[in-house]
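What follows is the content of start-v8.cif (mmCIF, C-alpha atoms).
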data_entry
loop_
_atom_site.label_atom_id
_atom_site.label_comp_id
_atom_site.auth_asym_id
_atom_site.auth_seq_id
_atom_site.Cartn_x
_atom_site.Cartn_y
_atom_site.Cartn_z
CA MET A 927 -0.44 -71.57 40.19
CA ARG A 928 -2.42 -72.55 43.30
CA PRO A 929 -1.77 -70.04 46.06
CA PHE A 930 -1.63 -72.49 48.98
CA PRO A 931 -0.52 -75.92 47.89
CA MET A 932 0.59 -77.03 51.33
CA SER A 933 -2.96 -77.08 52.68
CA LEU A 934 -4.08 -79.52 50.05
CA THR A 935 -1.44 -82.14 50.63
CA SER A 936 -3.52 -85.22 51.40
CA LEU A 937 -6.22 -84.13 48.95
CA GLU A 938 -3.72 -83.56 46.18
CA HIS A 939 -2.04 -86.87 46.94
CA LEU A 940 -5.41 -88.55 46.50
CA ILE A 941 -6.08 -86.73 43.21
CA THR A 942 -2.65 -87.73 41.90
CA ALA A 943 -3.13 -91.31 43.06
CA LEU A 944 -6.51 -91.60 41.29
CA ARG A 945 -4.77 -90.88 38.00
CA CYS A 946 -3.25 -94.38 38.06
CA LEU A 947 -6.71 -95.59 36.96
CA PRO A 948 -6.95 -96.13 33.21
CA GLY A 949 -8.81 -93.37 31.38
CA VAL A 950 -8.74 -90.98 34.35
CA GLY A 951 -7.23 -87.57 33.63
CA PRO A 952 -6.65 -84.63 35.99
CA LYS A 953 -10.24 -83.32 35.89
CA SER A 954 -11.88 -86.72 36.38
CA ALA A 955 -9.49 -87.38 39.26
CA GLN A 956 -10.57 -84.14 40.95
CA ARG A 957 -14.25 -84.98 40.49
CA MET A 958 -13.70 -88.49 41.82
CA ALA A 959 -11.81 -87.28 44.89
CA TYR A 960 -14.45 -84.72 45.81
CA HIS A 961 -17.25 -87.16 45.15
CA LEU A 962 -15.69 -89.76 47.44
CA LEU A 963 -14.90 -87.30 50.22
CA GLN A 964 -18.23 -85.51 50.13
CA HIS A 965 -20.75 -88.14 49.10
CA ASP A 966 -19.32 -91.61 49.60
CA ARG A 967 -16.87 -91.95 52.45
CA PRO A 968 -17.95 -95.54 53.23
CA GLY A 969 -17.36 -96.40 49.56
CA ALA A 970 -13.93 -94.79 49.67
CA ALA A 971 -13.02 -96.77 52.80
CA ARG A 972 -14.19 -100.01 51.14
CA LEU A 973 -12.16 -99.15 48.04
CA ALA A 974 -9.01 -98.54 50.08
CA ALA A 975 -9.50 -101.81 51.96
CA SER A 976 -10.28 -103.94 48.92
CA LEU A 977 -7.32 -102.52 46.99
CA ALA A 978 -5.02 -103.44 49.84
CA SER A 979 -6.58 -106.87 50.22
CA ALA A 980 -6.52 -107.65 46.49
CA LEU A 981 -2.85 -106.61 46.25
CA GLU A 982 -2.06 -108.90 49.13
CA THR A 983 -4.03 -112.00 48.21
CA LEU A 984 -4.17 -112.22 44.40
CA ARG A 985 -1.54 -113.90 42.28
CA HIS A 986 -1.43 -115.61 38.89
CA CYS A 987 -2.96 -119.08 38.50
CA GLU A 988 -0.18 -121.49 37.54
CA ARG A 989 -2.26 -122.97 34.74
CA CYS A 990 -4.35 -120.18 33.18
CA ASN A 991 -2.23 -117.20 34.27
CA SER A 992 -5.34 -115.26 35.34
CA PHE A 993 -5.74 -113.81 38.83
CA ALA A 994 -6.50 -116.22 41.61
CA VAL A 995 -6.17 -116.60 45.35
CA GLU A 996 -5.06 -120.24 45.01
CA ALA A 997 -2.03 -121.60 43.15
CA ILE A 998 -4.43 -123.22 40.67
CA CYS A 999 -7.75 -121.44 40.24
CA PRO A 1000 -11.04 -123.35 40.69
CA ARG A 1001 -11.81 -122.99 36.98
CA CYS A 1002 -8.58 -124.79 36.03
CA ALA A 1003 -9.02 -127.32 38.83
CA SER A 1004 -12.58 -128.18 37.79
CA THR A 1005 -13.24 -131.64 36.39
CA ARG A 1006 -16.46 -130.48 34.73
CA ARG A 1007 -14.75 -128.46 32.02
CA ASP A 1008 -13.45 -129.81 28.72
CA ALA A 1009 -9.67 -129.94 29.19
CA SER A 1010 -9.07 -130.68 25.51
CA LEU A 1011 -10.01 -127.09 24.58
CA LEU A 1012 -7.76 -124.16 25.45
CA CYS A 1013 -8.97 -120.64 24.72
CA VAL A 1014 -6.23 -117.98 24.60
CA VAL A 1015 -7.35 -114.45 25.50
CA GLU A 1016 -5.45 -111.23 26.06
CA THR A 1017 -6.91 -110.15 29.41
CA PRO A 1018 -8.99 -111.48 32.31
CA VAL A 1019 -11.81 -109.16 31.16
CA ASP A 1020 -11.86 -110.98 27.81
CA LEU A 1021 -12.09 -114.25 29.74
CA LEU A 1022 -15.15 -112.96 31.61
CA ARG A 1023 -16.76 -111.89 28.32
CA VAL A 1024 -16.33 -115.42 26.92
CA GLU A 1025 -17.68 -116.94 30.16
CA GLU A 1026 -20.71 -114.68 29.97
CA THR A 1027 -21.70 -116.20 26.63
CA LEU A 1028 -22.29 -119.52 28.50
CA SER A 1029 -21.27 -121.22 25.24
CA TYR A 1030 -17.73 -122.37 26.08
CA SER A 1031 -16.85 -125.00 28.62
CA GLY A 1032 -13.15 -125.50 27.91
CA LEU A 1033 -10.19 -124.00 29.74
CA TYR A 1034 -8.38 -120.71 29.29
CA TYR A 1035 -4.97 -119.16 29.05
CA VAL A 1036 -4.72 -115.43 29.73
CA LEU A 1037 -1.76 -113.74 28.00
CA MET A 1038 -2.03 -110.59 30.18
CA GLY A 1039 -1.12 -108.55 27.15
CA ARG A 1040 -0.33 -108.89 23.46
CA LEU A 1041 2.72 -108.81 21.24
CA SER A 1042 3.58 -105.17 20.77
CA PRO A 1043 7.19 -104.61 19.75
CA LEU A 1044 6.79 -100.81 19.92
CA ASP A 1045 5.94 -101.10 23.61
CA GLY A 1046 8.75 -103.58 24.18
CA MET A 1047 6.39 -106.56 24.43
CA GLY A 1048 8.02 -109.44 22.58
CA PRO A 1049 7.39 -113.20 22.92
CA ARG A 1050 9.72 -113.32 25.94
CA GLU A 1051 8.12 -110.41 27.83
CA LEU A 1052 4.70 -111.95 27.23
CA GLY A 1053 5.90 -115.28 28.68
CA LEU A 1054 4.86 -117.33 25.67
CA GLU A 1055 6.97 -120.29 26.82
CA LYS A 1056 4.49 -120.70 29.66
CA LEU A 1057 1.62 -120.86 27.17
CA LEU A 1058 3.49 -123.34 24.95
CA ALA A 1059 4.15 -125.58 27.95
CA ARG A 1060 0.50 -125.31 28.95
CA ALA A 1061 -0.78 -126.13 25.45
CA LEU A 1062 1.58 -129.11 25.15
CA ASP A 1063 0.39 -130.88 28.31
CA GLY A 1064 -0.86 -133.79 26.19
CA VAL A 1065 -4.52 -133.20 27.04
CA VAL A 1066 -5.17 -130.08 24.99
CA ARG A 1067 -6.28 -130.93 21.44
CA GLU A 1068 -7.41 -127.56 20.13
CA VAL A 1069 -6.19 -124.07 20.90
CA ILE A 1070 -8.76 -121.34 20.18
CA LEU A 1071 -6.98 -118.04 19.62
CA ALA A 1072 -9.39 -115.42 20.93
CA THR A 1073 -7.05 -112.42 20.89
CA ASN A 1074 -8.57 -109.18 19.65
CA TYR A 1075 -8.96 -108.40 15.96
CA THR A 1076 -6.69 -105.40 16.31
CA ASN A 1077 -3.33 -105.28 14.52
CA GLU A 1078 -1.51 -106.35 17.66
CA GLY A 1079 -4.02 -109.05 18.54
CA GLU A 1080 -3.83 -110.39 14.99
CA ALA A 1081 -0.03 -110.41 15.08
CA THR A 1082 -0.12 -112.23 18.41
CA ALA A 1083 -2.54 -114.84 17.02
CA HIS A 1084 -0.41 -115.27 13.90
CA TYR A 1085 2.74 -115.83 15.95
CA LEU A 1086 1.03 -118.25 18.33
CA ALA A 1087 -0.53 -120.16 15.43
CA GLN A 1088 2.90 -120.65 13.88
CA GLN A 1089 4.42 -121.86 17.14
CA LEU A 1090 1.56 -124.19 18.03
CA ALA A 1091 0.90 -125.64 14.55
CA ALA A 1092 4.53 -126.75 14.35
CA ARG A 1093 3.76 -128.96 17.36
CA GLY A 1094 0.78 -130.68 15.81
CA LEU A 1095 -2.04 -128.94 17.66
CA LYS A 1096 -5.30 -127.92 16.03
CA ILE A 1097 -5.53 -124.13 15.98
CA SER A 1098 -8.67 -122.04 15.47
CA ARG A 1099 -9.62 -118.39 15.57
CA LEU A 1100 -12.98 -116.78 16.38
CA ALA A 1101 -15.26 -116.14 13.38
CA ARG A 1102 -15.43 -112.63 12.02
CA GLY A 1103 -18.51 -111.12 10.41
CA VAL A 1104 -21.71 -109.17 10.78
CA PRO A 1105 -22.76 -108.87 14.45
CA VAL A 1106 -25.89 -110.69 15.61
CA GLY A 1107 -28.77 -108.26 15.07
CA GLY A 1108 -26.47 -106.13 12.90
CA GLU A 1109 -27.67 -104.22 9.87
CA LEU A 1110 -25.44 -104.24 6.80
CA GLU A 1111 -25.95 -100.50 6.46
CA PHE A 1112 -24.11 -99.84 9.71
CA VAL A 1113 -21.37 -102.46 9.53
CA ASP A 1114 -17.94 -101.06 8.62
CA SER A 1115 -16.71 -102.06 5.19
CA GLY A 1116 -13.72 -104.05 6.47
CA THR A 1117 -16.00 -106.29 8.52
CA LEU A 1118 -18.45 -106.60 5.65
CA ALA A 1119 -15.67 -107.57 3.23
CA GLN A 1120 -14.53 -110.20 5.74
CA ALA A 1121 -18.10 -111.50 6.11
CA PHE A 1122 -18.23 -111.97 2.33
CA ARG A 1123 -14.87 -113.70 2.19
CA GLU A 1124 -15.82 -116.08 5.01
CA ARG A 1125 -19.45 -116.60 3.93
CA ARG A 1126 -21.06 -119.91 4.96
CA THR A 1127 -22.77 -122.29 2.56
CA LEU A 1128 -26.32 -122.97 3.73
CA MET B 101 -23.68 -116.94 35.99
CA ARG B 102 -19.96 -117.23 36.79
CA PRO B 103 -19.09 -120.87 37.49
CA PHE B 104 -16.68 -120.28 40.38
CA PRO B 105 -17.46 -117.10 42.25
CA MET B 106 -15.69 -118.09 45.43
CA SER B 107 -12.25 -117.94 43.83
CA LEU B 108 -12.76 -114.34 42.82
CA THR B 109 -13.70 -112.99 46.22
CA SER B 110 -11.05 -110.34 46.78
CA LEU B 111 -11.01 -109.49 43.07
CA GLU B 112 -14.77 -109.13 42.93
CA HIS B 113 -14.73 -107.06 46.08
CA LEU B 114 -12.30 -104.72 44.40
CA ILE B 115 -14.41 -104.51 41.24
CA THR B 116 -17.50 -103.74 43.30
CA ALA B 117 -15.62 -101.17 45.37
CA LEU B 118 -14.34 -99.36 42.26
CA ARG B 119 -17.94 -98.71 41.23
CA CYS B 120 -18.24 -96.11 43.99
CA LEU B 121 -16.26 -93.82 41.65
CA PRO B 122 -18.53 -91.48 39.68
CA GLY B 123 -19.00 -92.54 36.06
CA VAL B 124 -17.55 -96.02 36.58
CA GLY B 125 -19.85 -98.87 35.53
CA PRO B 126 -19.30 -102.64 35.80
CA LYS B 127 -17.09 -102.94 32.69
CA SER B 128 -14.89 -99.96 33.52
CA ALA B 129 -14.51 -101.31 37.05
CA GLN B 130 -13.28 -104.65 35.69
CA ARG B 131 -10.81 -102.95 33.37
CA MET B 132 -9.56 -100.73 36.19
CA ALA B 133 -9.11 -103.66 38.58
CA TYR B 134 -7.16 -105.72 36.07
CA HIS B 135 -5.09 -102.74 35.00
CA LEU B 136 -4.11 -101.98 38.59
CA LEU B 137 -3.33 -105.59 39.48
CA GLN B 138 -1.40 -106.36 36.31
CA HIS B 139 0.25 -103.10 35.32
CA ASP B 140 0.31 -100.71 38.26
CA ARG B 141 0.54 -102.34 41.66
CA PRO B 142 2.60 -99.44 43.10
CA GLY B 143 -0.10 -97.04 41.89
CA ALA B 144 -2.81 -99.17 43.48
CA ALA B 145 -0.93 -99.21 46.78
CA ARG B 146 -0.52 -95.42 46.64
CA LEU B 147 -4.23 -95.06 45.89
CA ALA B 148 -5.21 -97.24 48.85
CA ALA B 149 -2.91 -95.28 51.16
CA SER B 150 -3.98 -91.83 49.98
CA LEU B 151 -7.66 -92.71 50.21
CA ALA B 152 -7.18 -93.81 53.80
CA SER B 153 -5.10 -90.75 54.63
CA ALA B 154 -7.50 -88.29 52.98
CA LEU B 155 -10.46 -89.82 54.80
CA GLU B 156 -8.62 -89.45 58.05
CA THR B 157 -7.18 -85.94 57.72
CA LEU B 158 -9.61 -83.88 55.62
CA ARG B 159 -12.55 -81.94 57.05
CA HIS B 160 -14.54 -78.88 56.06
CA CYS B 161 -13.01 -75.43 56.49
CA GLU B 162 -15.11 -73.49 59.01
CA ARG B 163 -15.23 -70.43 56.78
CA CYS B 164 -15.39 -71.60 53.14
CA ASN B 165 -16.77 -75.12 53.72
CA SER B 166 -14.25 -76.63 51.28
CA PHE B 167 -11.93 -79.48 52.24
CA ALA B 168 -9.01 -78.62 54.46
CA VAL B 169 -6.63 -80.18 56.94
CA GLU B 170 -6.89 -77.15 59.25
CA ALA B 171 -10.00 -75.73 60.94
CA ILE B 172 -9.64 -72.65 58.71
CA CYS B 173 -7.95 -73.26 55.39
CA PRO B 174 -4.93 -71.16 54.34
CA ARG B 175 -6.96 -69.50 51.59
CA CYS B 176 -9.51 -68.18 54.10
CA ALA B 177 -6.78 -67.32 56.59
CA SER B 178 -4.79 -65.34 54.04
CA THR B 179 -4.52 -61.58 54.48
CA ARG B 180 -3.61 -61.07 50.84
CA ARG B 181 -7.09 -61.83 49.50
CA ASP B 182 -9.95 -59.35 49.21
CA ALA B 183 -12.27 -60.28 52.09
CA SER B 184 -15.05 -57.98 50.79
CA LEU B 185 -15.75 -60.37 47.90
CA LEU B 186 -17.36 -63.76 48.48
CA CYS B 187 -17.75 -66.14 45.54
CA VAL B 188 -20.31 -68.92 46.05
CA VAL B 189 -19.65 -72.13 44.06
CA GLU B 190 -21.28 -75.54 44.09
CA THR B 191 -18.21 -77.75 44.44
CA PRO B 192 -14.51 -77.60 45.30
CA VAL B 193 -13.77 -78.40 41.64
CA ASP B 194 -15.62 -75.23 40.61
CA LEU B 195 -13.46 -73.34 43.12
CA LEU B 196 -10.32 -74.71 41.47
CA ARG B 197 -11.62 -73.68 38.03
CA VAL B 198 -12.13 -70.09 39.25
CA GLU B 199 -8.69 -70.08 40.90
CA GLU B 200 -7.13 -71.27 37.65
CA THR B 201 -8.38 -68.15 35.86
CA LEU B 202 -6.02 -66.11 38.12
CA SER B 203 -8.59 -63.32 37.82
CA TYR B 204 -10.26 -63.48 41.23
CA SER B 205 -8.63 -62.65 44.52
CA GLY B 206 -11.61 -62.67 46.87
CA LEU B 207 -12.77 -65.46 49.14
CA TYR B 208 -15.07 -68.43 48.51
CA TYR B 209 -17.95 -70.33 49.93
CA VAL B 210 -18.45 -73.89 48.68
CA LEU B 211 -22.06 -75.13 48.89
CA MET B 212 -21.06 -78.78 48.39
CA GLY B 213 -24.19 -79.24 46.32
CA ARG B 214 -27.15 -77.32 44.98
CA LEU B 215 -30.82 -76.97 45.75
CA SER B 216 -32.52 -80.01 44.33
CA PRO B 217 -35.90 -80.75 45.92
CA LEU B 218 -36.28 -83.95 43.91
CA ASP B 219 -33.12 -85.33 45.53
CA GLY B 220 -34.22 -84.08 48.94
CA MET B 221 -31.74 -81.18 48.93
CA GLY B 222 -33.55 -78.18 50.39
CA PRO B 223 -32.06 -75.04 52.00
CA ARG B 224 -31.63 -76.87 55.28
CA GLU B 225 -29.85 -79.93 53.85
CA LEU B 226 -27.52 -77.60 51.96
CA GLY B 227 -26.72 -75.72 55.18
CA LEU B 228 -27.57 -72.32 53.78
CA GLU B 229 -27.66 -70.80 57.29
CA LYS B 230 -23.90 -71.31 57.39
CA LEU B 231 -23.53 -69.37 54.15
CA LEU B 232 -25.81 -66.59 55.38
CA ALA B 233 -23.80 -66.28 58.59
CA ARG B 234 -20.59 -66.23 56.54
CA ALA B 235 -21.89 -63.57 54.15
CA LEU B 236 -23.14 -61.37 57.00
CA ASP B 237 -19.79 -61.16 58.82
CA GLY B 238 -19.75 -57.40 58.22
CA VAL B 239 -16.69 -57.52 55.94
CA VAL B 240 -18.28 -59.05 52.84
CA ARG B 241 -19.72 -56.39 50.54
CA GLU B 242 -20.48 -58.37 47.40
CA VAL B 243 -21.57 -61.97 46.96
CA ILE B 244 -20.81 -63.39 43.51
CA LEU B 245 -23.14 -66.30 42.79
CA ALA B 246 -21.10 -68.65 40.63
CA THR B 247 -23.40 -71.68 40.72
CA ASN B 248 -23.87 -73.51 37.43
CA TYR B 249 -26.24 -72.30 34.74
CA THR B 250 -28.24 -75.51 35.02
CA ASN B 251 -31.84 -75.44 36.24
CA GLU B 252 -30.79 -76.44 39.73
CA GLY B 253 -27.84 -74.04 39.83
CA GLU B 254 -30.11 -71.22 38.64
CA ALA B 255 -32.72 -72.05 41.26
CA THR B 256 -30.01 -72.09 43.94
CA ALA B 257 -28.71 -68.70 42.79
CA HIS B 258 -32.23 -67.27 42.71
CA TYR B 259 -32.94 -68.45 46.24
CA LEU B 260 -29.62 -67.18 47.57
CA ALA B 261 -30.08 -63.83 45.83
CA GLN B 262 -33.44 -63.38 47.54
CA GLN B 263 -32.08 -64.25 50.96
CA LEU B 264 -28.96 -62.10 50.64
CA ALA B 265 -30.52 -59.06 48.97
CA ALA B 266 -33.01 -58.79 51.84
CA ARG B 267 -29.99 -58.21 54.08
CA GLY B 268 -28.58 -55.37 52.02
CA LEU B 269 -25.67 -57.15 50.33
CA LYS B 270 -24.69 -56.52 46.72
CA ILE B 271 -25.34 -59.67 44.70
CA SER B 272 -23.92 -60.55 41.30
CA ARG B 273 -23.96 -63.48 38.94
CA LEU B 274 -21.37 -64.54 36.34
CA ALA B 275 -21.92 -63.19 32.81
CA ARG B 276 -23.46 -65.49 30.26
CA GLY B 277 -22.72 -65.38 26.55
CA VAL B 278 -20.61 -66.57 23.65
CA PRO B 279 -17.44 -68.36 24.86
CA VAL B 280 -14.08 -66.71 24.24
CA GLY B 281 -12.90 -67.93 20.83
CA GLY B 282 -16.43 -69.20 20.17
CA GLU B 283 -18.05 -69.12 16.75
CA LEU B 284 -21.71 -68.11 16.54
CA GLU B 285 -22.36 -71.04 14.21
CA PHE B 286 -21.59 -73.52 16.97
CA VAL B 287 -23.12 -71.76 19.97
CA ASP B 288 -26.45 -73.24 21.10
CA SER B 289 -29.42 -70.98 20.50
CA GLY B 290 -30.25 -70.52 24.19
CA THR B 291 -26.79 -69.13 24.87
CA LEU B 292 -26.94 -66.97 21.76
CA ALA B 293 -30.33 -65.57 22.75
CA GLN B 294 -28.91 -64.76 26.18
CA ALA B 295 -25.87 -63.11 24.60
CA PHE B 296 -28.22 -60.86 22.61
CA ARG B 297 -30.33 -60.00 25.63
CA GLU B 298 -27.26 -59.14 27.71
CA ARG B 299 -25.30 -57.42 24.92
CA ARG B 300 -22.79 -54.78 25.99
CA THR B 301 -22.69 -51.24 24.64
CA LEU B 302 -19.24 -50.48 23.23
#

The structure given in the file should be rewritten as C-alpha cells.
Amino acid sequence: MRPFPMSLTSLEHLITALRCLPGVGPKSAQRMAYHLLQHDRPGAARLAASLASALETLRHCERCNSFAVEAICPRCASTRRDASLLCVVETPVDLLRVEETLSYSGLYYVLMGRLSPLDGMGPRELGLEKLLARALDGVVREVILATNYTNEGEATAHYLAQQLAARGLKISRLARGVPVGGELEFVDSGTLAQAFRERRTL
Amino acid sequence: MRPFPMSLTSLEHLITALRCLPGVGPKSAQRMAYHLLQHDRPGAARLAASLASALETLRHCERCNSFAVEAICPRCASTRRDASLLCVVETPVDLLRVEETLSYSGLYYVLMGRLSPLDGMGPRELGLEKLLARALDGVVREVILATNYTNEGEATAHYLAQQLAARGLKISRLARGVPVGGELEFVDSGTLAQAFRERRTL
C-alpha cells in the first residue's frame, strides 16, 4: 500500500514497537512516534533509557510479589506496618490506589493477574501457592481480598476465600455500595441493590 | 505520599518517562509500565531499541520536510510521481492518510505544525521560507493546501495562499462537505452550511 516502505524502516519499527503499549492502536502509535521525533526527542531518549534500566533492575519482591529493586521491598521490610493484615490486590496499580487512601497500614500481596480460565490463568499460573505460603507465615491474622468486583475478580476472591478459610484465617472483602459523594440517581442498579442488601444499622 | 519512594526509583523513572507520550496521563503511565514489565518484556525491549535507533537515524527530508533516513526521501526522489503537484499537510500522519486514499500521486510538503501565534508558532518558526523555496522550484504548478479545517489550520492555509498566489502559483484547498456515507441528520450544522454553500451543479 505504501509506495516506499524501505525508507521508513526505523520509523515503522518504532510505530510497531509502540503498539506493545496497552490501549495503543496503529493510529495512536503513529501520532506518538511523530510527536516524540518532532517535539520531544529528550523525552524519547529518557523513555528508551528508563525502559532499559527498569527491565534490567526490577524483579518481584519475594514477599509481596510486586516490583522491586531489592529481594524484599522496603514496604515489606518495614517494621512500621501492621504485619497481621495482608491485603491481596490484582496489580501493582491497585496497590498504589490503596496506598493513596492513606487509610491502610498493613502489608500487601500482588497477584499480578486474576483467575481467568478462558485466558489460561488457573490457580497454578497465578502462583497461588506463593500467596498461601505468604498468608500462612503465622503473623498474618486477616487477609483482605481487594480484587476487583468484576466477574473474574470475584471468582478469584471466592477461590482464595475458600483456600484461606480452610486454614483458619480471617477473610474479608472490601465493602460495596454507593460511592462517597454519589447520588442515587446516577448509581447503577446493581450497585444500588448491593448497597441495600449490605445496608448498615445506624 | 508514598511511604517508600526510594525503592521505586527505576519504576518511577519509567512511569515519568512514559508521560512524554501524547495523551498519556499519570494513571495510564502506571498501567503501561506495569503491563510492559509484567506481560511484555520483549515488547518493552523492542520499544527501547527502536526509540534509540529512530532518534539516531531519522532526519528531515530536504525536499518534503518529513522524516527520512536519506537526505532526500524515496518519495521525493521518485520519478513516478507528478512533480507539478505539491500537497501541503501539517504532519507526517496527515501525509500517510492522504497516501492511504491511493488517489494522489503528486509530491508533499510537511509543515510539521501550523501557524499558532498563541503557542509562539509564527511563519518563521514554522520555516515557511523552506516551503516557499520548495514551491517555487519551477516544476510545481499547483499547491494543494491540505491543512486541517481547524481555526489554526485555516489561518495557516490562508497565509500560505496569500504568499503563494502572489508568486503566480495555482492554489487549491480540499473540498469540505458531507462525509461519504454520511447522513444529514448527524452532520454538524457548520459542515452542512458549508456543504450548501459549496454545492455542486449536477

Find the residues in chain B near chain A: any atom within 8 Å counts, using all atoms listed in the file. Write them as a short mmCIF file (atom, residue, chain, number, x, y, z; two decimals) with C-alpha atoms, in the coordinates of the input.
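So selection-v8.cif came out as:
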data_model
loop_
_atom_site.label_atom_id
_atom_site.label_comp_id
_atom_site.auth_asym_id
_atom_site.auth_seq_id
_atom_site.Cartn_x
_atom_site.Cartn_y
_atom_site.Cartn_z
CA MET B 101 -23.68 -116.94 35.99
CA ARG B 102 -19.96 -117.23 36.79
CA PRO B 103 -19.09 -120.87 37.49
CA PHE B 104 -16.68 -120.28 40.38
CA SER B 107 -12.25 -117.94 43.83
CA LEU B 108 -12.76 -114.34 42.82
CA SER B 110 -11.05 -110.34 46.78
CA LEU B 111 -11.01 -109.49 43.07
CA HIS B 113 -14.73 -107.06 46.08
CA LEU B 114 -12.30 -104.72 44.40
CA ALA B 117 -15.62 -101.17 45.37
CA LEU B 118 -14.34 -99.36 42.26
CA CYS B 120 -18.24 -96.11 43.99
CA LEU B 121 -16.26 -93.82 41.65
CA PRO B 122 -18.53 -91.48 39.68
CA GLN B 130 -13.28 -104.65 35.69
CA ARG B 131 -10.81 -102.95 33.37
CA MET B 132 -9.56 -100.73 36.19
CA TYR B 134 -7.16 -105.72 36.07
CA HIS B 135 -5.09 -102.74 35.00
CA LEU B 136 -4.11 -101.98 38.59
CA LEU B 137 -3.33 -105.59 39.48
CA GLN B 138 -1.40 -106.36 36.31
CA ASP B 140 0.31 -100.71 38.26
CA ARG B 141 0.54 -102.34 41.66
CA GLY B 143 -0.10 -97.04 41.89
CA ALA B 144 -2.81 -99.17 43.48
CA ALA B 145 -0.93 -99.21 46.78
CA ARG B 146 -0.52 -95.42 46.64
CA LEU B 147 -4.23 -95.06 45.89
CA ALA B 148 -5.21 -97.24 48.85
CA ALA B 149 -2.91 -95.28 51.16
CA SER B 150 -3.98 -91.83 49.98
CA LEU B 151 -7.66 -92.71 50.21
CA ALA B 152 -7.18 -93.81 53.80
CA SER B 153 -5.10 -90.75 54.63
CA ALA B 154 -7.50 -88.29 52.98
CA LEU B 155 -10.46 -89.82 54.80
CA THR B 157 -7.18 -85.94 57.72
CA LEU B 158 -9.61 -83.88 55.62
CA ALA B 168 -9.01 -78.62 54.46
CA VAL B 169 -6.63 -80.18 56.94
CA GLU B 170 -6.89 -77.15 59.25
CA CYS B 173 -7.95 -73.26 55.39
CA PRO B 174 -4.93 -71.16 54.34
CA ARG B 175 -6.96 -69.50 51.59
CA PRO B 192 -14.51 -77.60 45.30
CA VAL B 193 -13.77 -78.40 41.64
CA GLU B 199 -8.69 -70.08 40.90
CA GLU B 200 -7.13 -71.27 37.65
CA MET B 212 -21.06 -78.78 48.39
#

Extract, using all atoms listed in the file, all DNA, RNA and protein residues at most 12 Å from B:Glu298, discarding same-chain residues fewer than 4 positions from it, and format them as a PyMOL selection string.
chain B and resi 274-278+291-294

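For the file at hand, the PyMOL selection byres ((chain B and resi 181-183) around 7) resolves to Ser178, Thr179, Arg180, Ser184, Leu185, Ser205, Gly206, Leu207, Val239 and Val240 of chain B.
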
Please define a box with edges along x, y and z of the file around all atoms of stretch 225-237 of chain B given in the file, extend it by 6 Å on each side, and return its centre and edge lengths in Å to one decimal, as AutoDock Vina command-line options.
--center_x -24.8 --center_y -70.5 --center_z 55.4 --size_x 22.1 --size_y 30.8 --size_z 18.9

Residues within 6 Å of (-30.3, -78.5, 42.5), file coords, only C-alpha atoms, listed as a short mmCIF file (atom, residue, chain, number, x, y, z; two decimals) with C-alpha atoms, keeping the file's coordinate frame:
data_model
loop_
_atom_site.label_atom_id
_atom_site.label_comp_id
_atom_site.auth_asym_id
_atom_site.auth_seq_id
_atom_site.Cartn_x
_atom_site.Cartn_y
_atom_site.Cartn_z
CA ARG B 214 -27.15 -77.32 44.98
CA LEU B 215 -30.82 -76.97 45.75
CA SER B 216 -32.52 -80.01 44.33
CA GLU B 252 -30.79 -76.44 39.73
CA GLY B 253 -27.84 -74.04 39.83
#

Shell of 12 Å around B:Tyr259, all atoms listed in the file, local chain residues under 3 positions omitted, as number ranges by chain:
B: 214-216, 222-223, 228, 232, 245, 247, 252-256, 262-266, 271

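Atom CA of B:Asp219 lies 25.9 Å from atom CA of B:Arg163.
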
Selected residue of minimal separation from B:Leu211 among B:Val198, B:Gly282, B:Val189, B:Tyr249, counting only C-alpha atoms
B:Val189

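Counting from atom CA of B:Lys270, the distance to atom CA of B:Arg299 is 21.8 Å.
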
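Candidate residues B:Leu260, B:Ala171, B:Cys187, B:Cys164 were compared for distance to B:Arg234, and the nearest is B:Cys164, using all atoms listed in the file.
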
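Taking atom CA of A:Lys1056 as the reference point, atom CA of A:Asn1074 is found at 20.1 Å.
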